[in-house]
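Okay, protein_19.pdb is below, PDB, C-alpha atoms and all ligand atoms:
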```pdb
ATOM      1  CA  MET R   1      14.271 120.140 132.070
ATOM      2  CA  THR R   2      16.991 121.362 134.355
ATOM      3  CA  HIS R   3      20.649 120.813 133.628
ATOM      4  CA  SER R   4      22.147 118.221 135.910
ATOM      5  CA  GLN R   5      24.253 119.963 138.513
ATOM      6  CA  PRO R   6      27.585 118.425 139.440
ATOM      7  CA  LYS R   7      27.641 117.077 142.967
ATOM      8  CA  ALA R   8      30.397 119.521 143.888
ATOM      9  CA  ARG R   9      32.515 122.041 142.059
ATOM     10  CA  PHE R  10      36.135 122.802 142.872
ATOM     11  CA  LEU R  11      39.018 124.915 141.634
ATOM     12  CA  MET R  12      42.429 123.258 141.400
ATOM     13  CA  CYS R  13      45.776 123.919 139.709
ATOM     14  CA  ALA R  14      47.947 121.136 138.272
ATOM     15  CA  PRO R  15      51.447 120.912 139.821
ATOM     16  CA  GLU R  16      53.373 121.426 136.581
ATOM     17  CA  HIS R  17      55.485 124.065 138.303
ATOM     18  CA  PHE R  18      55.165 122.916 141.881
ATOM     19  CA  ALA R  19      58.420 122.884 143.890
ATOM     20  CA  VAL R  20      59.843 124.112 147.166
ATOM     21  CA  THR R  21      62.065 127.011 146.147
ATOM     22  CA  TYR R  22      61.644 129.294 149.193
ATOM     23  CA  ALA R  23      60.631 128.890 152.824
ATOM     24  CA  ILE R  24      57.626 130.751 154.217
ATOM     25  CA  ASN R  25      56.583 128.103 156.735
ATOM     26  CA  PRO R  26      58.497 125.554 158.857
ATOM     27  CA  TRP R  27      57.674 122.629 156.541
ATOM     28  CA  MET R  28      59.536 124.108 153.565
ATOM     29  CA  ASP R  29      63.193 123.207 153.025
ATOM     30  CA  PRO R  30      64.326 124.355 149.574
ATOM     31  CA  LYS R  31      67.777 122.765 149.940
ATOM     32  CA  ARG R  32      66.298 119.369 150.713
ATOM     33  CA  TRP R  33      63.922 119.725 147.751
ATOM     34  CA  ALA R  34      66.750 120.733 145.422
ATOM     35  CA  ARG R  35      68.690 117.570 146.230
ATOM     36  CA  ASP R  36      65.886 115.385 144.823
ATOM     37  CA  ASP R  37      63.844 117.857 142.860
ATOM     38  CA  ARG R  38      63.050 115.580 139.906
ATOM     39  CA  LYS R  39      61.926 112.759 142.121
ATOM     40  CA  PHE R  40      59.743 115.036 144.262
ATOM     41  CA  ALA R  41      58.277 116.813 141.230
ATOM     42  CA  ALA R  42      57.371 113.481 139.626
ATOM     43  CA  ALA R  43      55.822 112.310 142.903
ATOM     44  CA  SER R  44      53.792 115.506 143.206
ATOM     45  CA  ARG R  45      52.278 114.963 139.750
ATOM     46  CA  LYS R  46      51.281 111.395 140.534
ATOM     47  CA  GLU R  47      49.846 112.314 143.905
ATOM     48  CA  TRP R  48      47.886 115.269 142.554
ATOM     49  CA  ASP R  49      46.521 113.174 139.656
ATOM     50  CA  ARG R  50      45.266 110.577 142.091
ATOM     51  CA  LEU R  51      43.508 113.154 144.249
ATOM     52  CA  HIS R  52      42.028 114.818 141.172
ATOM     53  CA  ARG R  53      40.774 111.502 139.825
ATOM     54  CA  ALA R  54      39.333 110.404 143.178
ATOM     55  CA  MET R  55      37.364 113.647 143.350
ATOM     56  CA  GLN R  56      36.080 113.264 139.802
ATOM     57  CA  ASP R  57      35.080 109.668 140.560
ATOM     58  CA  LEU R  58      32.926 111.028 143.365
ATOM     59  CA  GLY R  59      31.102 113.267 140.907
ATOM     60  CA  ALA R  60      33.028 116.521 141.391
ATOM     61  CA  GLU R  61      33.442 118.946 138.518
ATOM     62  CA  ILE R  62      36.893 120.527 138.643
ATOM     63  CA  ASP R  63      37.977 123.769 137.008
ATOM     64  CA  LEU R  64      41.687 124.472 136.647
ATOM     65  CA  VAL R  65      43.790 127.589 137.138
ATOM     66  CA  PRO R  66      46.587 127.451 134.532
ATOM     67  CA  ALA R  67      49.944 126.679 136.186
ATOM     68  CA  VAL R  68      52.570 129.437 135.970
ATOM     69  CA  PRO R  69      56.364 128.954 135.967
ATOM     70  CA  GLY R  70      57.982 130.560 139.008
ATOM     71  CA  LEU R  71      54.802 130.320 141.123
ATOM     72  CA  PRO R  72      55.204 126.943 142.830
ATOM     73  CA  ASP R  73      52.479 127.521 145.449
ATOM     74  CA  LEU R  74      49.754 128.371 142.937
ATOM     75  CA  VAL R  75      48.706 124.708 143.321
ATOM     76  CA  PHE R  76      47.257 125.573 146.729
ATOM     77  CA  THR R  77      44.013 126.994 145.386
ATOM     78  CA  ALA R  78      42.374 126.971 148.833
ATOM     79  CA  ASN R  79      44.320 130.183 149.314
ATOM     80  CA  ALA R  80      42.939 131.869 146.201
ATOM     81  CA  ALA R  81      39.756 133.349 147.666
ATOM     82  CA  VAL R  82      36.922 132.979 150.142
ATOM     83  CA  VAL R  83      33.867 131.726 148.227
ATOM     84  CA  LEU R  84      30.249 131.551 149.381
ATOM     85  CA  ASP R  85      26.851 131.908 147.671
ATOM     86  CA  GLY R  86      28.429 132.484 144.274
ATOM     87  CA  LYS R  87      30.592 135.358 145.517
ATOM     88  CA  ALA R  88      34.377 135.308 145.725
ATOM     89  CA  LEU R  89      36.543 137.549 147.898
ATOM     90  CA  LEU R  90      40.041 137.391 146.427
ATOM     91  CA  ALA R  91      42.947 136.672 148.746
ATOM     92  CA  ARG R  92      45.746 139.007 149.656
ATOM     93  CA  PHE R  93      48.919 137.220 150.702
ATOM     94  CA  ARG R  94      51.315 137.960 153.551
ATOM     95  CA  HIS R  95      54.517 137.054 151.701
ATOM     96  CA  ALA R  96      55.884 138.575 148.494
ATOM     97  CA  GLU R  97      56.521 135.060 147.115
ATOM     98  CA  ARG R  98      52.794 134.409 147.068
ATOM     99  CA  GLN R  99      51.606 137.957 146.341
ATOM    100  CA  ALA R 100      52.765 137.276 142.795
ATOM    101  CA  GLU R 101      49.929 134.734 142.516
ATOM    102  CA  GLU R 102      47.222 137.342 143.079
ATOM    103  CA  PRO R 103      46.790 138.519 139.449
ATOM    104  CA  HIS R 104      46.590 134.900 138.240
ATOM    105  CA  TYR R 105      43.858 134.024 140.688
ATOM    106  CA  GLU R 106      42.078 137.250 139.813
ATOM    107  CA  ALA R 107      42.100 136.288 136.130
ATOM    108  CA  ALA R 108      40.845 132.787 136.952
ATOM    109  CA  PHE R 109      37.952 134.154 139.002
ATOM    110  CA  SER R 110      36.896 136.680 136.420
ATOM    111  CA  ALA R 111      36.844 133.810 133.890
ATOM    112  CA  LEU R 112      34.600 131.823 136.258
ATOM    113  CA  LYS R 113      32.328 134.842 136.516
ATOM    114  CA  ASP R 114      32.213 135.205 132.729
ATOM    115  CA  ARG R 115      31.090 131.581 132.524
ATOM    116  CA  GLY R 116      28.272 132.296 134.984
ATOM    117  CA  LEU R 117      29.762 130.119 137.716
ATOM    118  CA  LEU R 118      30.106 133.094 140.075
ATOM    119  CA  THR R 119      28.038 136.253 140.382
ATOM    120  CA  ALA R 120      30.591 138.595 141.971
ATOM    121  CA  VAL R 121      34.325 138.842 142.530
ATOM    122  CA  SER R 122      35.603 141.394 145.023
ATOM    123  CA  LYS R 123      38.836 142.542 146.645
ATOM    124  CA  LEU R 124      39.903 143.156 150.217
ATOM    125  CA  PRO R 125      40.516 146.755 151.280
ATOM    126  CA  GLU R 126      44.134 147.958 151.106
ATOM    127  CA  GLY R 127      46.341 146.741 153.905
ATOM    128  CA  ILE R 128      44.213 143.728 154.938
ATOM    129  CA  VAL R 129      45.697 140.260 154.488
ATOM    130  CA  LEU R 130      43.471 137.169 154.240
ATOM    131  CA  GLU R 131      44.724 134.012 152.562
ATOM    132  CA  GLY R 132      41.415 132.729 151.241
ATOM    133  CA  ALA R 133      39.746 129.529 152.424
ATOM    134  CA  GLY R 134      43.055 128.477 153.967
ATOM    135  CA  ASP R 135      42.123 130.739 156.868
ATOM    136  CA  CYS R 136      38.377 131.012 156.334
ATOM    137  CA  VAL R 137      36.749 127.616 156.539
ATOM    138  CA  TRP R 138      33.005 127.256 156.042
ATOM    139  CA  ASP R 139      31.023 125.238 158.580
ATOM    140  CA  PRO R 140      27.833 124.125 156.808
ATOM    141  CA  THR R 141      26.191 122.872 160.004
ATOM    142  CA  ARG R 142      26.705 126.061 162.012
ATOM    143  CA  ASN R 143      26.330 128.360 159.011
ATOM    144  CA  HIS R 144      29.406 130.436 159.826
ATOM    145  CA  PHE R 145      33.033 130.735 158.822
ATOM    146  CA  TRP R 146      35.812 129.736 161.183
ATOM    147  CA  MET R 147      38.611 132.205 160.555
ATOM    148  CA  GLY R 148      42.230 131.677 161.629
ATOM    149  CA  TYR R 149      44.391 134.724 162.259
ATOM    150  CA  GLY R 150      47.700 135.730 163.742
ATOM    151  CA  GLN R 151      50.040 133.923 161.354
ATOM    152  CA  ARG R 152      49.100 134.579 157.729
ATOM    153  CA  SER R 153      45.790 136.403 157.973
ATOM    154  CA  ASP R 154      44.801 139.558 159.866
ATOM    155  CA  ALA R 155      42.140 139.617 162.599
ATOM    156  CA  GLY R 156      40.894 142.762 160.846
ATOM    157  CA  ALA R 157      39.592 140.622 157.966
ATOM    158  CA  ARG R 158      36.757 139.329 160.111
ATOM    159  CA  PRO R 159      34.250 142.241 159.807
ATOM    160  CA  ILE R 160      35.033 142.451 156.104
ATOM    161  CA  VAL R 161      34.089 138.819 155.509
ATOM    162  CA  GLU R 162      30.957 139.238 157.658
ATOM    163  CA  ARG R 163      29.849 142.233 155.640
ATOM    164  CA  GLU R 164      30.764 140.736 152.289
ATOM    165  CA  PHE R 165      28.828 137.502 152.769
ATOM    166  CA  GLY R 166      26.266 138.461 155.445
ATOM    167  CA  VAL R 167      27.209 135.561 157.747
ATOM    168  CA  ASP R 168      28.972 135.264 161.095
ATOM    169  CA  VAL R 169      32.704 134.730 161.288
ATOM    170  CA  VAL R 170      34.197 133.100 164.380
ATOM    171  CA  ALA R 171      37.828 134.188 164.596
ATOM    172  CA  LEU R 172      40.383 131.904 166.260
ATOM    173  CA  GLU R 173      43.945 132.879 166.963
ATOM    174  CA  LEU R 174      46.557 130.410 165.709
ATOM    175  CA  ALA R 175      49.339 129.534 168.130
ATOM    176  CA  ASP R 176      51.808 127.218 166.352
ATOM    177  CA  ALA R 177      53.952 128.213 163.352
ATOM    178  CA  ARG R 178      53.623 124.701 161.885
ATOM    179  CA  PHE R 179      49.869 125.235 161.629
ATOM    180  CA  TYR R 180      50.100 128.624 159.989
ATOM    181  CA  HIS R 181      46.807 128.353 158.076
ATOM    182  CA  MET R 182      43.738 127.267 159.997
ATOM    183  CA  ASP R 183      42.902 124.604 157.409
ATOM    184  CA  THR R 184      46.076 122.741 158.435
ATOM    185  CA  ALA R 185      44.497 122.108 161.830
ATOM    186  CA  MET R 186      40.700 122.118 161.454
ATOM    187  CA  ARG R 187      38.095 120.528 159.213
ATOM    188  CA  PRO R 188      34.331 120.754 159.803
ATOM    189  CA  LEU R 189      32.564 117.732 158.297
ATOM    190  CA  PRO R 190      29.162 117.877 156.572
ATOM    191  CA  ARG R 191      27.153 116.509 159.508
ATOM    192  CA  GLY R 192      28.554 118.794 162.173
ATOM    193  CA  GLU R 193      31.652 116.971 163.361
ATOM    194  CA  VAL R 194      34.810 119.060 163.571
ATOM    195  CA  ILE R 195      38.227 117.430 163.228
ATOM    196  CA  TYR R 196      40.855 119.656 164.862
ATOM    197  CA  TYR R 197      44.211 119.802 166.552
ATOM    198  CA  PRO R 198      43.656 121.685 169.836
ATOM    199  CA  ASN R 199      47.299 122.763 170.264
ATOM    200  CA  ALA R 200      47.206 124.746 167.051
ATOM    201  CA  PHE R 201      44.907 127.231 168.811
ATOM    202  CA  THR R 202      45.276 129.523 171.812
ATOM    203  CA  ALA R 203      43.413 128.660 175.023
ATOM    204  CA  ALA R 204      40.756 131.217 174.047
ATOM    205  CA  GLY R 205      40.408 129.612 170.613
ATOM    206  CA  ARG R 206      40.098 126.137 172.100
ATOM    207  CA  SER R 207      37.333 127.199 174.464
ATOM    208  CA  GLU R 208      35.503 128.939 171.612
ATOM    209  CA  ILE R 209      35.557 125.671 169.640
ATOM    210  CA  ARG R 210      34.417 123.656 172.664
ATOM    211  CA  ARG R 211      31.608 126.139 173.329
ATOM    212  CA  ARG R 212      30.295 125.876 169.775
ATOM    213  CA  VAL R 213      30.865 122.215 168.993
ATOM    214  CA  PRO R 214      29.278 119.658 171.356
ATOM    215  CA  ALA R 215      31.645 117.015 172.766
ATOM    216  CA  GLU R 216      30.164 114.187 170.688
ATOM    217  CA  LYS R 217      30.904 116.137 167.506
ATOM    218  CA  ARG R 218      34.508 117.029 168.360
ATOM    219  CA  ILE R 219      37.174 114.846 166.794
ATOM    220  CA  GLU R 220      40.320 116.058 168.546
ATOM    221  CA  ILE R 221      43.527 114.821 167.004
ATOM    222  CA  LYS R 222      46.982 114.321 168.486
ATOM    223  CA  PHE R 223      50.299 115.475 167.097
ATOM    224  CA  ASP R 224      50.914 112.180 165.235
ATOM    225  CA  ASP R 225      47.922 112.977 162.990
ATOM    226  CA  ALA R 226      48.395 116.752 163.022
ATOM    227  CA  ARG R 227      51.886 116.341 161.580
ATOM    228  CA  LEU R 228      50.437 114.338 158.677
ATOM    229  CA  LEU R 229      48.064 117.279 158.096
ATOM    230  CA  ALA R 230      45.232 114.772 158.558
ATOM    231  CA  ALA R 231      42.837 117.622 159.389
ATOM    232  CA  ASN R 232      43.523 119.072 155.935
ATOM    233  CA  ALA R 233      40.854 116.857 154.409
ATOM    234  CA  VAL R 234      38.411 117.283 151.542
ATOM    235  CA  SER R 235      34.913 115.898 151.879
ATOM    236  CA  ILE R 236      32.327 115.115 149.253
ATOM    237  CA  ASP R 237      29.083 113.766 150.727
ATOM    238  CA  ASP R 238      30.066 110.990 153.110
ATOM    239  CA  THR R 239      33.588 110.558 151.800
ATOM    240  CA  VAL R 240      36.578 112.141 153.499
ATOM    241  CA  MET R 241      39.768 112.348 151.436
ATOM    242  CA  LEU R 242      43.080 112.852 153.191
ATOM    243  CA  SER R 243      46.751 112.132 152.675
ATOM    244  CA  GLY R 244      47.069 109.757 155.598
ATOM    245  CA  CYS R 245      46.107 109.280 159.238
ATOM    246  CA  SER R 246      46.472 106.980 162.217
ATOM    247  CA  ASP R 247      44.192 103.979 162.736
ATOM    248  CA  VAL R 248      42.759 105.797 165.741
ATOM    249  CA  LEU R 249      41.655 108.778 163.668
ATOM    250  CA  ARG R 250      40.397 106.567 160.859
ATOM    251  CA  ALA R 251      38.216 104.671 163.330
ATOM    252  CA  ALA R 252      36.934 107.910 164.859
ATOM    253  CA  ILE R 253      35.920 109.329 161.477
ATOM    254  CA  GLU R 254      34.352 106.039 160.372
ATOM    255  CA  ARG R 255      32.411 105.792 163.623
ATOM    256  CA  HIS R 256      30.618 108.985 162.580
ATOM    257  CA  GLY R 257      29.497 107.271 159.377
ATOM    258  CA  TYR R 258      32.060 108.557 156.879
ATOM    259  CA  ARG R 259      34.146 106.611 154.411
ATOM    260  CA  ILE R 260      37.835 107.480 154.148
ATOM    261  CA  ILE R 261      39.941 107.625 151.015
ATOM    262  CA  ALA R 262      43.610 107.941 151.931
ATOM    263  CA  THR R 263      45.463 109.337 148.932
ATOM    264  CA  PRO R 264      49.099 110.157 149.822
ATOM    265  CA  LEU R 265      50.222 113.744 149.208
ATOM    266  CA  ASN R 266      53.707 113.555 150.701
ATOM    267  CA  ALA R 267      55.372 115.782 148.116
ATOM    268  CA  PHE R 268      52.955 118.577 149.064
ATOM    269  CA  LEU R 269      53.602 118.018 152.768
ATOM    270  CA  ARG R 270      57.108 119.291 152.021
ATOM    271  CA  SER R 271      55.453 122.621 151.282
ATOM    272  CA  GLY R 272      53.135 122.484 154.300
ATOM    273  CA  GLY R 273      50.042 121.577 152.307
ATOM    274  CA  SER R 274      47.698 118.646 151.781
ATOM    275  CA  ALA R 275      44.324 117.706 150.286
ATOM    276  CA  PHE R 276      42.174 120.651 151.392
ATOM    277  CA  CYS R 277      44.897 123.174 150.441
ATOM    278  CA  LEU R 278      44.976 121.792 146.905
ATOM    279  CA  THR R 279      41.271 122.442 146.345
ATOM    280  CA  LEU R 280      38.783 125.281 146.615
ATOM    281  CA  ARG R 281      35.085 124.525 146.787
ATOM    282  CA  LEU R 282      33.159 126.879 144.515
ATOM    283  CA  ASP R 283      29.558 125.870 145.186
ATOM    284  CA  ILE R 284      29.154 126.378 148.942
ATOM    285  CA  ARG R 285      25.768 127.821 149.893
ATOM    286  CA  SER R 286      24.772 129.476 153.165
ATOM    287  CA  ALA R 287      21.494 128.473 154.824
ATOM    288  CA  ARG R 288      19.841 131.613 153.477
ATOM    289  CA  MET R 289      20.784 130.757 149.902
ATOM    290  CA  ARG R 290      19.760 127.108 150.274
ATOM    291  CA  ASP R 291      16.329 128.232 151.497
ATOM    292  CA  ALA R 292      15.987 130.723 148.643
ATOM    293  CA  VAL R 293      16.777 127.989 146.109
ATOM    294  CA  LYS R 294      14.284 125.640 147.779
ATOM    295  CA  ASN R 295      11.537 128.262 147.819
ATOM    296  CA  ALA R 296      12.149 129.151 144.189
ATOM    297  CA  ALA R 297      11.838 125.475 143.242
ATOM    298  CA  ALA R 298       8.623 124.984 145.265
TER     299      ALA R 298
HETATM  300  N1  LIG R 301      53.735 126.617 150.789
HETATM  301  C1  LIG R 301      52.423 127.156 150.904
HETATM  302  C2  LIG R 301      52.434 128.355 151.837
HETATM  303  O1  LIG R 301      53.181 128.343 152.775
HETATM  304  C3  LIG R 301      51.475 126.119 151.401
HETATM  305  C4  LIG R 301      50.050 126.583 151.438
HETATM  306  C5  LIG R 301      49.101 125.527 151.906
HETATM  307  N2  LIG R 301      47.775 125.961 151.784
HETATM  308  C6  LIG R 301      46.870 125.937 152.755
HETATM  309  N3  LIG R 301      45.657 126.308 152.458
HETATM  310  N4  LIG R 301      47.176 125.611 153.980
HETATM  311  O2  LIG R 301      51.747 129.321 151.651
END
```
Output the structure of this file as structure tokens.
Amino acid sequence: MTHSQPKARFLMCAPEHFAVTYAINPWMDPKRWARDDRKFAAASRKEWDRLHRAMQDLGAEIDLVPAVPGLPDLVFTANAAVVLDGKALLARFRHAERQAEEPHYEAAFSALKDRGLLTAVSKLPEGIVLEGAGDCVWDPTRNHFWMGYGQRSDAGARPIVEREFGVDVVALELADARFYHMDTAMRPLPRGEVIYYPNAFTAAGRSEIRRRVPAEKRIEIKFDDARLLAANAVSIDDTVMLSGCSDVLRAAIERHGYRIIATPLNAFLRSGGSAFCLTLRLDIRSARMRDAVKNAAA
């Protein structure tokens, strides 16, 4: 008898101490937050609970990083690490405000390792910044990471991720301060479609995407959806969860056979984050690992 595996496993952090108390991206306005802080904090809890519940309803198992007073952005667990094949490469942050999160994520990952949910936890070399899955998004169809650089993360992280995980990393330069992490502007879906906002990337980045993703799989979004962070979506099987999107984008995603759950995350938008940022998938497997598991079972 084998233990039943959850359909998906994620790391999240409840927004007990979420707020906008500093500004490290153009979405964040601490003065505006302070004027209505109780209202926004209450909204963030409701919105997060709904996302959390929707994911559990879809069969996801969710582990939590304990919230820490004074670390409002700890909720954005996508930034905690890059995870693949049971290995985690811990993030190093650009800004001092978020560097203070690093020891808390490190503790959370070593606890996951102690529980046997990860096999290895490693650190970036000194001087290299990479803000986890926020800038290193796995594409299960193409079996490589898409890595954003130039705003938060360093281009120099690319060979390190390639070596660490033994997979290719396609690096794309980010061109718009509002889309400072690549996950704010790109989401590969399970069957090979890629939702993305072309203007978030340089011309070279855009042609790299177009070279690798055939036209019928590209779901290019306009600014009206980009500004809702509609590309910052979480998917479990055929379901795509996002804060909100236009009818045009909804129809485009549904045409590819996915079901959409729109679960508003407006309080988090005030920090420049949405659904994908609030989650970190822990059970992603590369093609090599999937084959190894299959062969072992055969
Ligand atoms: N306020 C946070 C920051 O600027 C938001 C992070 C959102 N996370 C993400 N993966 N895009 O760092």
Nearby polymer residues, ligand LIG 301 (chain R), at most 6 Å, all atoms listed in the file, as an NGL selection string
:R and (24-25 or 73 or 76 or 78-79 or 134 or 181 or 183-184 or 271-273 or 277)
12 Å contact set for R:Asn232, all atoms listed in the file, chain neighbours under 4 positions out, as a VMD selection string
chain R and resid 76 78 133 to 135 137 179 181 to 189 194 to 197 221 225 to 228 240 to 245 262 265 268 to 269 272 to 279
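Here the PyMOL selection byres (((chain R and resi 122) around 7) and not hetatm) captures the residues Ala88, Leu89, Leu90, Ala120, Val121, Lys123 and Leu124 of chain R.
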For this structure, which residues satisfy the selection - the PyMOL selection byres (((chain R and resi 163-166) around 8) and not hetatm) - when it is evaluated on the file as given? I want them as an MDAnalysis selection string.
chainID R and resid 84:85 87 89 159:162 167:168
Taking the file above as input, evaluate the PyMOL selection byres (((chain R and resi 45) around 9) and not hetatm) and report the hits as a list of chain:residue names.
R:Ala14, R:Pro15, R:Glu16, R:Phe18, R:Phe40, R:Ala41, R:Ala42, R:Ala43, R:Ser44, R:Lys46, R:Glu47, R:Trp48, R:Asp49, R:Arg50, R:Ala267
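For the residues R:Arg115, R:Arg250, R:Arg255, R:Lys7, ranking by smallest atom-to-atom distance to R:Asp57 using all atoms listed in the file places R:Lys7 first.
From atom CA of R:Glu173 back to atom CA of R:Tyr149, the distance works out to 5.1 Å.
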Counting only C-alpha atoms, the residue of R:His52, R:Leu58, R:Pro103, R:Asn143 that sits nearest R:Ser286
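The shortest atom-to-atom distance to R:Ser286 comes from R:Asn143.
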What gap, in Å, lies between atom CA of R:Arg53 and atom CA of R:Leu71?
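So the answer is 23.5 Å.
Atom CA of R:Ser153 lies 8.0 Å from atom CA of R:Phe93.
Proximity ranking of R:Arg178, R:Ile284, R:Gly127, R:Val169 relative to R:Pro190 places R:Ile284 first, based on only C-alpha atoms.
With only C-alpha atoms as the atoms that count, the minimum distance from R:His144 to the choices R:Arg212, R:Asp63, R:Arg38, R:Ile261 is reached by R:Arg212.
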Nearest to R:Cys136: which of R:Ala157, R:Glu220, R:Phe10, R:Val65 is it, counting only C-alpha atoms?
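Distance minimum relative to R:Cys136 lands on R:Ala157.
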Mind listing as a list of chain:residue names all residues within 12 Å of (37.3, 131.3, 169.9), counting only C-alpha atoms?
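Nearby residues: R:Phe145, R:Trp146, R:Met147, R:Gly148, R:Tyr149, R:Val169, R:Val170, R:Ala171, R:Leu172, R:Glu173, R:Leu174, R:Pro198, R:Phe201, R:Thr202, R:Ala203, R:Ala204, R:Gly205, R:Arg206, R:Ser207, R:Glu208, R:Ile209, R:Arg210, R:Arg211, R:Arg212, R:Val213.
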Need to verify the contact set: R:Gln5, 10 Å, all atoms listed in the file, exclusion of same-chain residues closer than 3 positions in sequence. Can you return it as a PyMOL selection string?
chain R and resi 2+8-9+59-61
For R:Asp176, which residue among R:Thr21, R:Gly70, R:Pro26, R:Phe109 is the nearest when counting only C-alpha atoms?
R:Pro26
